[in-house]
file data_34.txt (compact mmCIF, C-alpha atoms and all ligand atoms)
# COMPACT_ATOMS: atom_id res chain seq x y z
CA MET P 1 111.51 65.48 72.16
CA ALA P 2 111.44 63.08 75.11
CA ALA P 3 108.08 61.57 76.01
CA THR P 4 106.61 62.68 79.33
CA ALA P 5 103.43 61.40 80.93
CA GLY P 6 100.54 63.78 80.44
CA LYS P 7 102.43 65.88 77.99
CA SER P 8 100.83 66.99 74.78
CA PRO P 9 102.54 67.10 71.41
CA VAL P 10 104.11 70.49 70.84
CA SER P 11 105.14 71.75 67.45
CA SER P 12 108.81 72.57 67.03
CA SER P 13 108.01 76.09 65.89
CA PHE P 14 106.13 76.66 69.12
CA VAL P 15 109.08 75.49 71.22
CA GLN P 16 111.36 77.64 69.11
CA LYS P 17 109.22 80.62 70.07
CA LEU P 18 109.15 79.75 73.74
CA ASN P 19 112.62 78.50 74.46
CA PRO P 20 114.97 81.34 75.41
CA ARG P 21 118.00 79.21 74.70
CA THR P 22 117.10 78.58 71.08
CA SER P 23 117.14 81.98 69.52
CA TYR P 24 117.05 85.71 69.82
CA CYS P 25 113.77 85.81 67.93
CA TYR P 26 112.17 84.37 71.05
CA GLN P 27 112.61 87.71 72.78
CA ALA P 28 110.55 89.57 70.30
CA SER P 29 107.89 86.96 69.77
CA TYR P 30 107.07 85.09 72.91
CA SER P 31 104.50 87.47 74.26
CA THR P 32 101.97 86.59 71.61
CA ILE P 33 101.22 82.99 70.97
CA ASN P 34 98.57 82.03 68.52
CA LEU P 35 97.11 85.49 68.42
CA PRO P 36 94.54 85.42 65.65
CA ARG P 37 95.51 87.82 62.87
CA ARG P 38 92.39 89.93 63.27
CA LEU P 39 92.99 90.36 67.02
CA ARG P 40 96.63 91.12 66.39
CA ARG P 41 95.47 94.01 64.20
CA ILE P 42 93.21 95.31 66.96
CA HIS P 43 96.15 95.12 69.37
CA SER P 44 98.51 97.09 67.23
CA GLN P 45 95.83 99.67 66.56
CA ALA P 46 95.35 100.06 70.30
CA CYS P 47 99.11 100.30 70.82
CA ASN P 48 99.52 102.89 68.11
CA ASN P 49 96.80 104.99 69.55
CA ILE P 50 99.21 107.20 71.42
CA SER P 51 98.68 110.90 71.59
CA SER P 52 101.59 113.17 70.85
CA SER P 53 103.62 116.08 71.98
CA SER P 54 103.57 119.22 73.92
CA ASP P 55 105.04 121.70 76.18
CA GLN P 56 105.83 120.97 79.80
CA VAL P 57 109.06 119.61 81.22
CA PRO P 58 108.68 118.19 84.72
CA ASP P 59 111.24 119.50 87.20
CA SER P 60 113.93 117.12 88.37
CA VAL P 61 113.28 115.08 91.45
CA ASN P 62 115.36 115.76 94.49
CA LYS P 63 114.62 112.66 96.48
CA GLN P 64 116.80 113.72 99.38
CA ALA P 65 114.84 116.91 99.97
CA LYS P 66 112.68 115.48 102.69
CA ALA P 67 111.40 118.56 104.44
CA ILE P 68 109.50 120.65 102.00
CA GLU P 69 107.76 123.55 103.58
CA LEU P 70 104.05 123.36 103.09
CA GLN P 71 103.68 127.08 102.53
CA LYS P 72 106.27 127.01 99.79
CA LEU P 73 104.53 124.10 98.14
CA ILE P 74 101.21 125.88 98.22
CA ASP P 75 102.62 129.22 97.05
CA ASP P 76 104.60 127.62 94.26
CA ASP P 77 101.75 125.46 93.15
CA SER P 78 99.33 128.33 92.86
CA ARG P 79 101.57 131.03 91.38
CA ASP P 80 104.49 129.41 89.68
CA SER P 81 104.93 126.43 87.44
CA SER P 82 108.44 125.70 88.81
CA ILE P 83 107.36 123.91 91.97
CA SER P 84 109.74 121.99 94.18
CA LEU P 85 107.91 118.73 93.60
CA PRO P 86 107.77 117.28 90.13
CA ARG P 87 104.44 117.67 88.45
CA PRO P 88 102.97 114.33 87.45
CA LEU P 89 103.39 113.63 83.77
CA THR P 90 100.38 113.95 81.57
CA SER P 91 100.17 112.51 78.07
CA ALA P 92 100.75 116.04 76.81
CA SER P 93 104.04 116.47 78.66
CA LEU P 94 105.60 113.19 77.58
CA SER P 95 107.40 114.40 74.50
CA ASN P 96 109.60 116.88 76.32
CA LEU P 97 110.76 114.51 79.00
CA ALA P 98 114.54 114.71 78.92
CA THR P 99 116.75 111.79 79.85
CA GLU P 100 118.86 112.60 82.86
CA GLY P 101 122.01 110.56 83.43
CA SER P 102 121.91 106.83 83.41
CA ARG P 103 119.71 106.05 86.41
CA LEU P 104 116.87 103.71 85.64
CA ARG P 105 113.71 105.77 85.24
CA VAL P 106 110.55 104.19 86.58
CA ALA P 107 107.13 105.70 85.87
CA TYR P 108 104.34 105.35 88.43
CA GLN P 109 100.81 106.66 88.72
CA GLY P 110 100.35 109.28 91.40
CA VAL P 111 102.28 112.06 93.06
CA ARG P 112 105.25 111.90 95.39
CA GLY P 113 104.54 109.83 98.48
CA ALA P 114 102.29 107.33 96.67
CA TYR P 115 102.79 103.67 97.52
CA SER P 116 103.62 102.99 93.88
CA GLU P 117 106.65 105.24 94.27
CA SER P 118 107.83 103.14 97.23
CA ALA P 119 107.24 99.99 95.17
CA ALA P 120 109.38 101.41 92.34
CA GLU P 121 112.16 102.21 94.80
CA LYS P 122 111.93 98.80 96.42
CA ALA P 123 112.18 97.04 93.06
CA TYR P 124 114.92 99.29 91.72
CA PRO P 125 116.90 100.96 94.53
CA ASN P 126 118.51 104.20 93.26
CA CYS P 127 116.05 104.49 90.41
CA GLU P 128 114.51 107.80 89.48
CA ALA P 129 110.80 107.42 90.14
CA VAL P 130 108.79 109.52 87.66
CA PRO P 131 105.26 110.52 88.74
CA CYS P 132 102.50 110.26 86.11
CA GLU P 133 98.93 111.50 86.25
CA GLN P 134 97.37 108.32 84.89
CA PHE P 135 98.41 104.72 84.38
CA ASP P 136 98.02 105.16 80.63
CA THR P 137 100.63 107.93 80.77
CA ALA P 138 103.04 105.66 82.65
CA PHE P 139 102.58 102.94 80.01
CA GLU P 140 103.03 105.45 77.19
CA ALA P 141 106.19 106.82 78.79
CA VAL P 142 107.73 103.33 78.55
CA GLU P 143 106.40 102.69 75.05
CA ARG P 144 107.92 105.93 73.84
CA TRP P 145 111.33 105.23 75.42
CA LEU P 146 111.03 108.17 77.82
CA VAL P 147 111.40 105.96 80.87
CA ASP P 148 112.69 102.42 81.31
CA ARG P 149 109.99 100.80 83.43
CA ALA P 150 106.45 101.33 84.70
CA VAL P 151 105.14 100.07 88.01
CA LEU P 152 101.57 98.82 88.29
CA PRO P 153 99.64 97.74 91.42
CA ILE P 154 97.77 94.58 90.48
CA GLU P 155 96.33 92.99 93.62
CA ASN P 156 96.01 93.55 97.34
CA SER P 157 95.66 91.02 100.15
CA LEU P 158 92.55 92.80 101.52
CA GLY P 159 90.99 94.54 98.52
CA GLY P 160 91.68 91.84 95.91
CA SER P 161 92.38 92.45 92.23
CA ILE P 162 92.80 95.89 90.71
CA HIS P 163 90.67 95.09 87.68
CA ARG P 164 91.37 98.10 85.52
CA ASN P 165 95.07 97.34 85.62
CA TYR P 166 94.47 93.86 84.22
CA ASP P 167 92.74 95.50 81.28
CA LEU P 168 95.74 97.79 80.76
CA LEU P 169 98.09 94.81 80.60
CA LEU P 170 96.13 93.54 77.63
CA ARG P 171 95.67 96.88 75.92
CA HIS P 172 99.37 97.76 75.97
CA ARG P 173 102.19 95.62 74.72
CA LEU P 174 104.57 95.87 77.65
CA HIS P 175 106.15 92.83 79.27
CA ILE P 176 106.10 91.95 82.94
CA VAL P 177 109.75 91.80 84.05
CA GLY P 178 109.37 91.70 87.82
CA GLU P 179 107.04 91.80 90.80
CA VAL P 180 107.35 93.38 94.20
CA LYS P 181 105.22 92.92 97.31
CA LEU P 182 104.90 95.91 99.58
CA ALA P 183 103.42 96.10 103.08
CA ILE P 184 100.84 98.89 103.03
CA ARG P 185 100.45 100.75 106.31
CA HIS P 186 97.81 103.43 106.01
CA CYS P 187 97.62 106.54 108.21
CA LEU P 188 94.76 108.96 108.70
CA LEU P 189 96.21 112.39 107.87
CA ALA P 190 94.86 115.86 108.51
CA ASN P 191 96.05 119.44 108.46
CA PRO P 192 97.91 120.56 111.62
CA ASP P 193 94.99 122.75 112.73
CA ALA P 194 92.33 120.05 112.16
CA ASN P 195 91.30 117.40 114.70
CA LEU P 196 89.52 114.08 114.52
CA GLU P 197 86.22 115.44 115.88
CA GLU P 198 86.00 118.01 113.10
CA LEU P 199 86.58 115.54 110.27
CA LYS P 200 83.51 114.74 108.18
CA ARG P 201 85.05 113.18 105.08
CA VAL P 202 88.12 111.35 104.02
CA LEU P 203 89.83 111.31 100.60
CA SER P 204 91.95 108.54 99.13
CA HIS P 205 92.45 106.00 96.38
CA PRO P 206 89.44 103.62 96.23
CA GLN P 207 91.67 100.64 97.09
CA ALA P 208 93.03 102.41 100.16
CA LEU P 209 89.50 103.37 101.28
CA ALA P 210 88.40 99.75 100.84
CA GLN P 211 91.37 98.52 102.86
CA CYS P 212 90.35 100.77 105.77
CA GLU P 213 86.61 100.06 105.54
CA ASN P 214 86.11 99.11 109.23
CA THR P 215 88.04 102.03 110.70
CA LEU P 216 86.41 104.60 108.44
CA THR P 217 82.94 103.23 109.19
CA LYS P 218 83.62 103.41 112.94
CA LEU P 219 84.73 107.02 112.54
CA GLY P 220 81.60 107.79 110.49
CA LEU P 221 83.59 109.47 107.73
CA VAL P 222 82.22 109.96 104.21
CA ARG P 223 84.60 108.45 101.64
CA GLU P 224 85.70 110.39 98.56
CA ALA P 225 87.70 108.58 95.89
CA VAL P 226 90.65 110.28 94.19
CA ASP P 227 93.43 109.04 91.89
CA ASP P 228 96.03 108.16 94.50
CA THR P 229 96.65 108.28 98.23
CA ALA P 230 99.40 110.90 98.13
CA GLY P 231 97.27 113.02 95.78
CA ALA P 232 94.59 113.05 98.49
CA ALA P 233 97.15 114.21 101.06
CA LYS P 234 98.42 116.92 98.73
CA PHE P 235 94.86 118.07 98.01
CA ILE P 236 93.81 118.54 101.64
CA ALA P 237 97.10 120.30 102.38
CA PHE P 238 96.82 122.57 99.37
CA HIS P 239 93.24 123.60 100.20
CA LYS P 240 93.96 123.75 103.95
CA LEU P 241 90.82 121.68 104.56
CA LYS P 242 89.75 121.24 108.16
CA ASP P 243 86.78 118.96 107.62
CA ALA P 244 88.59 116.45 105.39
CA GLY P 245 91.31 113.93 106.09
CA ALA P 246 93.29 111.67 103.79
CA VAL P 247 94.24 108.01 103.93
CA ALA P 248 97.87 107.87 102.84
CA SER P 249 101.38 106.88 103.85
CA GLU P 250 103.62 108.28 106.55
CA THR P 251 105.88 109.52 103.74
CA ALA P 252 102.99 111.53 102.27
CA ALA P 253 102.38 113.10 105.70
CA ARG P 254 106.00 114.22 105.81
CA ILE P 255 106.07 115.56 102.26
CA TYR P 256 102.85 117.56 102.53
CA GLY P 257 103.25 118.70 106.15
CA LEU P 258 100.23 116.84 107.54
CA ASN P 259 99.61 115.44 111.01
CA ILE P 260 99.16 111.72 111.52
CA LEU P 261 95.91 111.31 113.49
CA ALA P 262 96.00 107.52 113.43
CA ARG P 263 98.45 104.87 112.19
CA ASP P 264 97.86 101.40 110.80
CA ILE P 265 94.20 102.01 110.10
CA GLN P 266 93.93 99.18 107.52
CA ASP P 267 91.45 96.47 108.47
CA ASP P 268 94.18 93.87 108.86
CA SER P 269 97.78 94.53 109.85
CA ASP P 270 98.77 92.10 107.09
CA ASN P 271 97.99 94.41 104.18
CA ILE P 272 100.15 93.67 101.15
CA THR P 273 99.94 95.04 97.63
CA ARG P 274 101.59 93.23 94.75
CA PHE P 275 103.04 95.46 92.03
CA LEU P 276 104.25 94.46 88.56
CA MET P 277 107.25 95.97 86.82
CA LEU P 278 106.77 96.50 83.10
CA ALA P 279 109.28 97.01 80.31
CA ARG P 280 109.41 97.21 76.53
CA GLU P 281 111.34 93.95 76.25
CA PRO P 282 110.85 90.72 78.14
CA ILE P 283 113.68 89.42 80.31
CA ILE P 284 115.28 86.11 79.53
CA PRO P 285 113.77 83.79 82.11
CA GLY P 286 116.09 81.56 84.11
CA ILE P 287 115.77 78.49 86.26
CA ASP P 288 118.36 79.55 88.82
CA LYS P 289 115.74 81.08 91.14
CA PRO P 290 111.95 80.89 91.60
CA PHE P 291 110.18 82.39 88.61
CA LYS P 292 106.55 83.19 87.94
CA THR P 293 104.84 83.42 84.59
CA SER P 294 101.69 85.44 83.83
CA ILE P 295 99.46 84.60 80.88
CA VAL P 296 96.08 85.65 79.51
CA PHE P 297 93.84 83.43 77.41
CA SER P 298 90.30 82.94 76.21
CA LEU P 299 88.36 79.75 75.57
CA GLU P 300 85.48 78.46 73.49
CA GLU P 301 82.16 78.32 75.27
CA GLY P 302 81.28 74.86 76.51
CA PRO P 303 81.20 72.55 79.50
CA GLY P 304 84.58 71.76 81.04
CA GLU P 305 86.61 74.22 78.94
CA LEU P 306 88.05 76.08 81.93
CA PHE P 307 88.57 72.78 83.75
CA LYS P 308 90.58 71.53 80.75
CA ALA P 309 92.61 74.74 80.68
CA LEU P 310 93.53 74.54 84.35
CA ALA P 311 94.26 70.83 84.03
CA VAL P 312 97.23 71.52 81.72
CA PHE P 313 98.96 72.97 84.77
CA ALA P 314 97.62 70.53 87.38
CA MET P 315 98.74 67.47 85.41
CA ARG P 316 102.28 68.87 85.29
CA ASN P 317 102.28 69.79 88.96
CA ILE P 318 102.54 73.52 88.21
CA ASN P 319 101.14 75.64 91.00
CA LEU P 320 98.78 78.50 90.09
CA THR P 321 99.07 81.55 92.33
CA LYS P 322 96.32 83.72 90.82
CA ILE P 323 93.38 83.45 88.48
CA GLU P 324 91.29 86.40 87.39
CA SER P 325 88.60 86.68 84.76
CA ARG P 326 87.80 89.89 82.90
CA PRO P 327 85.25 90.60 80.21
CA LEU P 328 86.67 90.29 76.73
CA PRO P 329 86.63 93.82 75.26
CA LYS P 330 83.84 94.24 72.70
CA GLN P 331 86.25 95.54 70.10
CA ALA P 332 88.48 92.50 70.33
CA LEU P 333 85.44 90.27 70.51
CA ARG P 334 84.14 91.46 67.17
CA ALA P 335 87.51 90.71 65.68
CA PHE P 336 87.72 87.08 66.56
CA VAL P 337 84.48 85.61 67.84
CA ASP P 338 81.56 85.41 65.44
CA SER P 339 78.68 84.74 67.79
CA VAL P 340 78.52 84.21 71.52
CA LYS P 341 75.61 83.18 73.74
CA ASN P 342 77.01 84.32 77.06
CA PHE P 343 79.36 87.09 78.07
CA PRO P 344 82.83 86.08 76.88
CA TYR P 345 85.77 86.30 79.28
CA LEU P 346 89.53 86.51 79.32
CA PHE P 347 91.36 84.50 81.98
CA TYR P 348 94.51 85.85 83.57
CA VAL P 349 96.62 83.20 85.27
CA ASP P 350 99.89 83.43 87.20
CA PHE P 351 101.80 80.21 87.74
CA GLU P 352 104.97 79.24 89.56
CA ALA P 353 107.35 78.26 86.78
CA SER P 354 109.77 79.90 84.41
CA MET P 355 109.23 79.91 80.67
CA ALA P 356 112.72 78.43 80.52
CA ASP P 357 111.28 75.35 82.22
CA GLN P 358 110.24 72.70 79.68
CA ASN P 359 107.32 71.67 81.82
CA ALA P 360 105.87 75.18 81.52
CA GLN P 361 106.47 75.18 77.77
CA TYR P 362 104.60 71.88 77.42
CA ALA P 363 101.74 73.21 79.54
CA LEU P 364 101.37 76.26 77.30
CA GLY P 365 101.74 74.14 74.18
CA HIS P 366 98.89 72.04 75.45
CA LEU P 367 96.75 75.06 76.31
CA GLU P 368 97.47 76.54 72.90
CA GLU P 369 95.75 73.53 71.29
CA PHE P 370 92.32 74.65 72.43
CA ALA P 371 92.60 78.27 73.67
CA THR P 372 91.11 80.77 71.23
CA PHE P 373 93.71 83.33 72.29
CA LEU P 374 96.86 83.02 74.40
CA ARG P 375 99.48 85.58 75.29
CA VAL P 376 102.40 85.34 77.71
CA LEU P 377 102.52 88.61 79.62
CA GLY P 378 105.89 87.86 81.19
CA SER P 379 108.13 85.40 82.98
CA TYR P 380 109.94 87.04 85.89
CA PRO P 381 111.62 86.36 89.25
CA ALA P 382 109.09 85.83 92.03
CA ASP P 383 109.31 88.21 94.98
CA THR P 384 109.97 85.78 97.81
CA GLY P 385 111.31 88.38 100.27
CA THR P 386 109.57 90.11 103.16
CA PRO P 387 106.97 92.61 101.98
O1 LIG P 401 97.46 105.51 95.69
C1 LIG P 401 98.59 105.02 95.86
O2 LIG P 401 99.40 105.46 96.69
C2 LIG P 401 98.98 103.87 95.05
O3 LIG P 401 100.14 103.61 94.91
C3 LIG P 401 97.88 103.01 94.48
C4 LIG P 401 97.47 101.84 95.38
C5 LIG P 401 96.57 100.85 94.58
O4 LIG P 401 96.25 101.03 93.43
O5 LIG P 401 96.21 99.81 95.19
C6 LIG P 401 98.67 101.11 95.82
C7 LIG P 401 98.75 100.51 97.03
C8 LIG P 401 97.63 100.53 97.98
O6 LIG P 401 96.99 99.28 97.83
C9 LIG P 401 96.66 101.61 97.70
C10 LIG P 401 96.67 102.29 96.53
call {"tool": "encode", "arguments": {"input": "data_34.txt", "output": "structure tokens"}}
result
Amino acid sequence: MAATAGKSPVSSSFVQKLNPRTSYCYQASYSTINLPRRLRRIHSQACNNISSSSDQVPDSVNKQAKAIELQKLIDDDSRDSSISLPRPLTSASLSNLATEGSRLRVAYQGVRGAYSESAAEKAYPNCEAVPCEQFDTAFEAVERWLVDRAVLPIENSLGGSIHRNYDLLLRHRLHIVGEVKLAIRHCLLANPDANLEELKRVLSHPQALAQCENTLTKLGLVREAVDDTAGAAKFIAFHKLKDAGAVASETAARIYGLNILARDIQDDSDNITRFLMLAREPIIPGIDKPFKTSIVFSLEEGPGELFKALAVFAMRNINLTKIESRPLPKQALRAFVDSVKNFPYLFYVDFEASMADQNAQYALGHLEEFATFLRVLGSYPADTGTP
């Protein structure tokens, strides 16, 4: 191995694991580096903890059917299980999900018209976007080979990190294979017979409500959090509410037959959400285009530990684009830390380099020397296009 200033010694087995050009075994093993055996056990227990079976097959998605009559939607939804829109998957309905054709199937949390659906379609044009009730269901659908990818919102330029989704990345064993940045333009929606003066409350995803904080405060509307923006639109349409609006997309307005009372109500016109694409297998990282790598690690307690960890990147001129800290789950904590004085944390870091880049391999080799836990979540092409 050639000597490089600031580089730390790296064992050959480590490079073997990290270097995509060396072997196929890299593919299966690079996501977990130096995972203590006890924590590894906890991980696989968590991953195996998947509920099984049941009875409902979601109807196929006709993406071209733009104009869906509201009355039909409401009638179908209340009387008949065969509604025109696909029902979001629940854990219970996963086992009967049939594979249709060869289009890439991408699971997202929410109902039709959610921003996550647009993100899936932006990342994979022509994909079949599969709505899921919860993020866990979307992850499970990938783990059980029922869909090919899951899409996960991870951070927003106004609202910041979506913390729960960081925790899901750790709990499940999927790999990040791509990212997509999407411009989020929120609308205030209401039923055709409702008007702004009558509105008292507004429903939406907590992130969307936070992104429209100023506008909603000015309007004096009470915020009510629901699972996703399009779900809020569907709910007010279904119940024909006159006193409640929804913060959601223009697409959701069209699908659920709602009026757009105001457009672009986010606090800043520059409102961008970054989504991650997840798959069962990692992709082989290249160096032909800009790549990003996402990792998660934990450190011993002590002065300068985090400084040392970040220095492994700084000394190799690797740019960090994101750092997030999350509490280390108690369960995992018991497995690999004997006693702690303060609250222990996991650090999630995104950096601008491919795992095929030797510099990045050296940086992680160096970090591995003192991190108590280190896992590569994925190395994937950076989204450098217009959101
Ligand atoms: O509710 C939706 O439509 C989503 O896709 C979720 C979500 C999020 O989790 O941040 C995605 C983009 C926007 O930032 C608001 C909500």
call {"tool": "residues_near_ligand", "arguments": {"input": "data_34.txt", "ligand": "ligand LIG 401 (chain P)", "cutoff": "6 Å", "atoms": "all atoms listed in the file", "output": "list in words"}}
result
Ala114, Tyr115, Ser116, Pro153, Asn156, His205, Gln207, Ala208, Asp228, Thr229, Ala230 and Thr273 of chain P
call {"tool": "closest_atom_pairs", "arguments": {"input": "data_34.txt", "of": "stretch 265-346 of chain P", "to": "stretch 209-224 of chain P", "cutoff": "8 Å", "atoms": "all atoms listed in the file", "output": "JSON lines"}}
result
{"residue": "P:Ile265", "atom": "CA", "partner": "P:Cys212", "partner_atom": "CA", "distance": 5.9}
{"residue": "P:Gln266", "atom": "CA", "partner": "P:Cys212", "partner_atom": "CA", "distance": 4.3}
{"residue": "P:Asp267", "atom": "CA", "partner": "P:Cys212", "partner_atom": "CA", "distance": 5.2}
{"residue": "P:Asn271", "atom": "CA", "partner": "P:Gln211", "partner_atom": "CA", "distance": 7.9}
call {"tool": "atom_distance", "arguments": {"input": "data_34.txt", "atom1": "atom CA of P:Leu188", "atom2": "atom CA of P:Asp264"}}
result
8.4 Å
call {"tool": "closest_residue", "arguments": {"input": "data_34.txt", "among": "P:Arg201, P:Arg274, P:Arg105, P:Arg144", "to": "P:Val130", "atoms": "only C-alpha atoms"}}
result
P:Arg105
call {"tool": "residues_around", "arguments": {"input": "data_34.txt", "residues": "P:Leu182", "least_positions_apart": "4", "cutoff": "12 Å", "atoms": "only C-alpha atoms", "output": "list in words"}}
result
Tyr115, Ser116, Glu117, Ser118, Ala119, Ala120, Glu121, Lys122, Ala123, Pro153, Ile154, Glu155, Asn156, Ser157, Asp270, Asn271, Ile272, Thr273, Arg274, Phe275, Leu276, Asp383, Thr384, Gly385, Thr386 and Pro387 of chain P
call {"tool": "write_last_selection", "arguments": {"input": "data_34.txt", "atoms": "C-alpha atoms", "output": "PDB file, keeping the file's coordinate frame"}}
result
ATOM      1  CA  TYR P 115     102.790 103.670  97.520  1.00  0.00           C
ATOM      2  CA  SER P 116     103.620 102.990  93.880  1.00  0.00           C
ATOM      3  CA  GLU P 117     106.650 105.240  94.270  1.00  0.00           C
ATOM      4  CA  SER P 118     107.830 103.140  97.230  1.00  0.00           C
ATOM      5  CA  ALA P 119     107.240  99.990  95.170  1.00  0.00           C
ATOM      6  CA  ALA P 120     109.380 101.410  92.340  1.00  0.00           C
ATOM      7  CA  GLU P 121     112.160 102.210  94.800  1.00  0.00           C
ATOM      8  CA  LYS P 122     111.930  98.800  96.420  1.00  0.00           C
ATOM      9  CA  ALA P 123     112.180  97.040  93.060  1.00  0.00           C
ATOM     10  CA  PRO P 153      99.640  97.740  91.420  1.00  0.00           C
ATOM     11  CA  ILE P 154      97.770  94.580  90.480  1.00  0.00           C
ATOM     12  CA  GLU P 155      96.330  92.990  93.620  1.00  0.00           C
ATOM     13  CA  ASN P 156      96.010  93.550  97.340  1.00  0.00           C
ATOM     14  CA  SER P 157      95.660  91.020 100.150  1.00  0.00           C
ATOM     15  CA  ASP P 270      98.770  92.100 107.090  1.00  0.00           C
ATOM     16  CA  ASN P 271      97.990  94.410 104.180  1.00  0.00           C
ATOM     17  CA  ILE P 272     100.150  93.670 101.150  1.00  0.00           C
ATOM     18  CA  THR P 273      99.940  95.040  97.630  1.00  0.00           C
ATOM     19  CA  ARG P 274     101.590  93.230  94.750  1.00  0.00           C
ATOM     20  CA  PHE P 275     103.040  95.460  92.030  1.00  0.00           C
ATOM     21  CA  LEU P 276     104.250  94.460  88.560  1.00  0.00           C
ATOM     22  CA  ASP P 383     109.310  88.210  94.980  1.00  0.00           C
ATOM     23  CA  THR P 384     109.970  85.780  97.810  1.00  0.00           C
ATOM     24  CA  GLY P 385     111.310  88.380 100.270  1.00  0.00           C
ATOM     25  CA  THR P 386     109.570  90.110 103.160  1.00  0.00           C
ATOM     26  CA  PRO P 387     106.970  92.610 101.980  1.00  0.00           C
TER      27      PRO P 387
END
call {"tool": "closest_residue", "arguments": {"input": "data_34.txt", "among": "P:Arg112, P:Cys132, P:Pro285, P:Glu369", "to": "P:Lys234", "atoms": "all atoms listed in the file"}}
result
P:Arg112
call {"tool": "closest_residue", "arguments": {"input": "data_34.txt", "among": "P:His186, P:Lys289, P:His239, P:Lys322", "to": "P:Phe351", "atoms": "all atoms listed in the file"}}
result
P:Lys322
call {"tool": "closest_residue", "arguments": {"input": "data_34.txt", "among": "P:Arg164, P:Arg149, P:Tyr108, P:Ala382", "to": "P:Thr137", "atoms": "all atoms listed in the file"}}
result
P:Tyr108
call {"tool": "residues_around", "arguments": {"input": "data_34.txt", "residues": "P:Leu168", "least_positions_apart": "4", "cutoff": "10 Å", "atoms": "all atoms listed in the file", "output": "list of chain:residue names"}}
result
P:Phe135, P:Asp136, P:Phe139, P:Leu152, P:His163, P:Arg164, P:His172, P:Arg173, P:Leu174
call {"tool": "closest_residue", "arguments": {"input": "data_34.txt", "among": "P:Arg263, P:Lys200, P:Arg280, P:His175", "to": "P:Cys187", "atoms": "all atoms listed in the file"}}
result
P:Arg263
call {"tool": "axis_aligned_box", "arguments": {"input": "data_34.txt", "around": "stretch 372-384 of chain P", "padding_each_side": "3 Å", "output": "lines of an AutoDock Vina configuration file"}}
result
center_x = 101.4
center_y = 84.7
center_z = 84.5
size_x = 26.5
size_y = 13.8
size_z = 32.6
call {"tool": "build_atoms", "arguments": {"input": "data_34.txt", "residues": "stretch 280-291 of chain P", "atoms": "N, CA and C atoms", "output": "PDB file, keeping the file's coordinate frame"}}
result
ATOM      1  N   ARG P 280     109.681  97.404  77.962  1.00  0.00           N
ATOM      2  CA  ARG P 280     109.410  97.210  76.530  1.00  0.00           C
ATOM      3  C   ARG P 280     109.794  95.808  76.071  1.00  0.00           C
ATOM      4  N   GLU P 281     110.859  95.267  76.665  1.00  0.00           N
ATOM      5  CA  GLU P 281     111.340  93.950  76.250  1.00  0.00           C
ATOM      6  C   GLU P 281     111.161  92.967  77.392  1.00  0.00           C
ATOM      7  N   PRO P 282     110.906  91.708  77.067  1.00  0.00           N
ATOM      8  CA  PRO P 282     110.850  90.720  78.140  1.00  0.00           C
ATOM      9  C   PRO P 282     112.251  90.417  78.661  1.00  0.00           C
ATOM     10  N   ILE P 283     112.349  89.864  79.859  1.00  0.00           N
ATOM     11  CA  ILE P 283     113.680  89.420  80.310  1.00  0.00           C
ATOM     12  C   ILE P 283     113.827  87.956  79.917  1.00  0.00           C
ATOM     13  N   ILE P 284     115.065  87.517  79.838  1.00  0.00           N
ATOM     14  CA  ILE P 284     115.280  86.110  79.530  1.00  0.00           C
ATOM     15  C   ILE P 284     115.063  85.328  80.811  1.00  0.00           C
ATOM     16  N   PRO P 285     114.052  84.481  80.860  1.00  0.00           N
ATOM     17  CA  PRO P 285     113.770  83.790  82.110  1.00  0.00           C
ATOM     18  C   PRO P 285     114.847  82.743  82.426  1.00  0.00           C
ATOM     19  N   GLY P 286     115.084  82.550  83.709  1.00  0.00           N
ATOM     20  CA  GLY P 286     116.090  81.560  84.110  1.00  0.00           C
ATOM     21  C   GLY P 286     115.441  80.447  84.904  1.00  0.00           C
ATOM     22  N   ILE P 287     116.285  79.534  85.370  1.00  0.00           N
ATOM     23  CA  ILE P 287     115.770  78.490  86.260  1.00  0.00           C
ATOM     24  C   ILE P 287     116.626  78.436  87.528  1.00  0.00           C
ATOM     25  N   ASP P 288     117.449  79.483  87.678  1.00  0.00           N
ATOM     26  CA  ASP P 288     118.360  79.550  88.820  1.00  0.00           C
ATOM     27  C   ASP P 288     117.666  80.017  90.089  1.00  0.00           C
ATOM     28  N   LYS P 289     116.493  80.625  89.966  1.00  0.00           N
ATOM     29  CA  LYS P 289     115.740  81.080  91.140  1.00  0.00           C
ATOM     30  C   LYS P 289     114.254  80.921  90.841  1.00  0.00           C
ATOM     31  N   PRO P 290     113.384  81.061  91.871  1.00  0.00           N
ATOM     32  CA  PRO P 290     111.950  80.890  91.600  1.00  0.00           C
ATOM     33  C   PRO P 290     111.427  81.953  90.632  1.00  0.00           C
ATOM     34  N   PHE P 291     110.778  81.498  89.595  1.00  0.00           N
ATOM     35  CA  PHE P 291     110.180  82.390  88.610  1.00  0.00           C
ATOM     36  C   PHE P 291     108.670  82.224  88.614  1.00  0.00           C
TER      37      PHE P 291
END
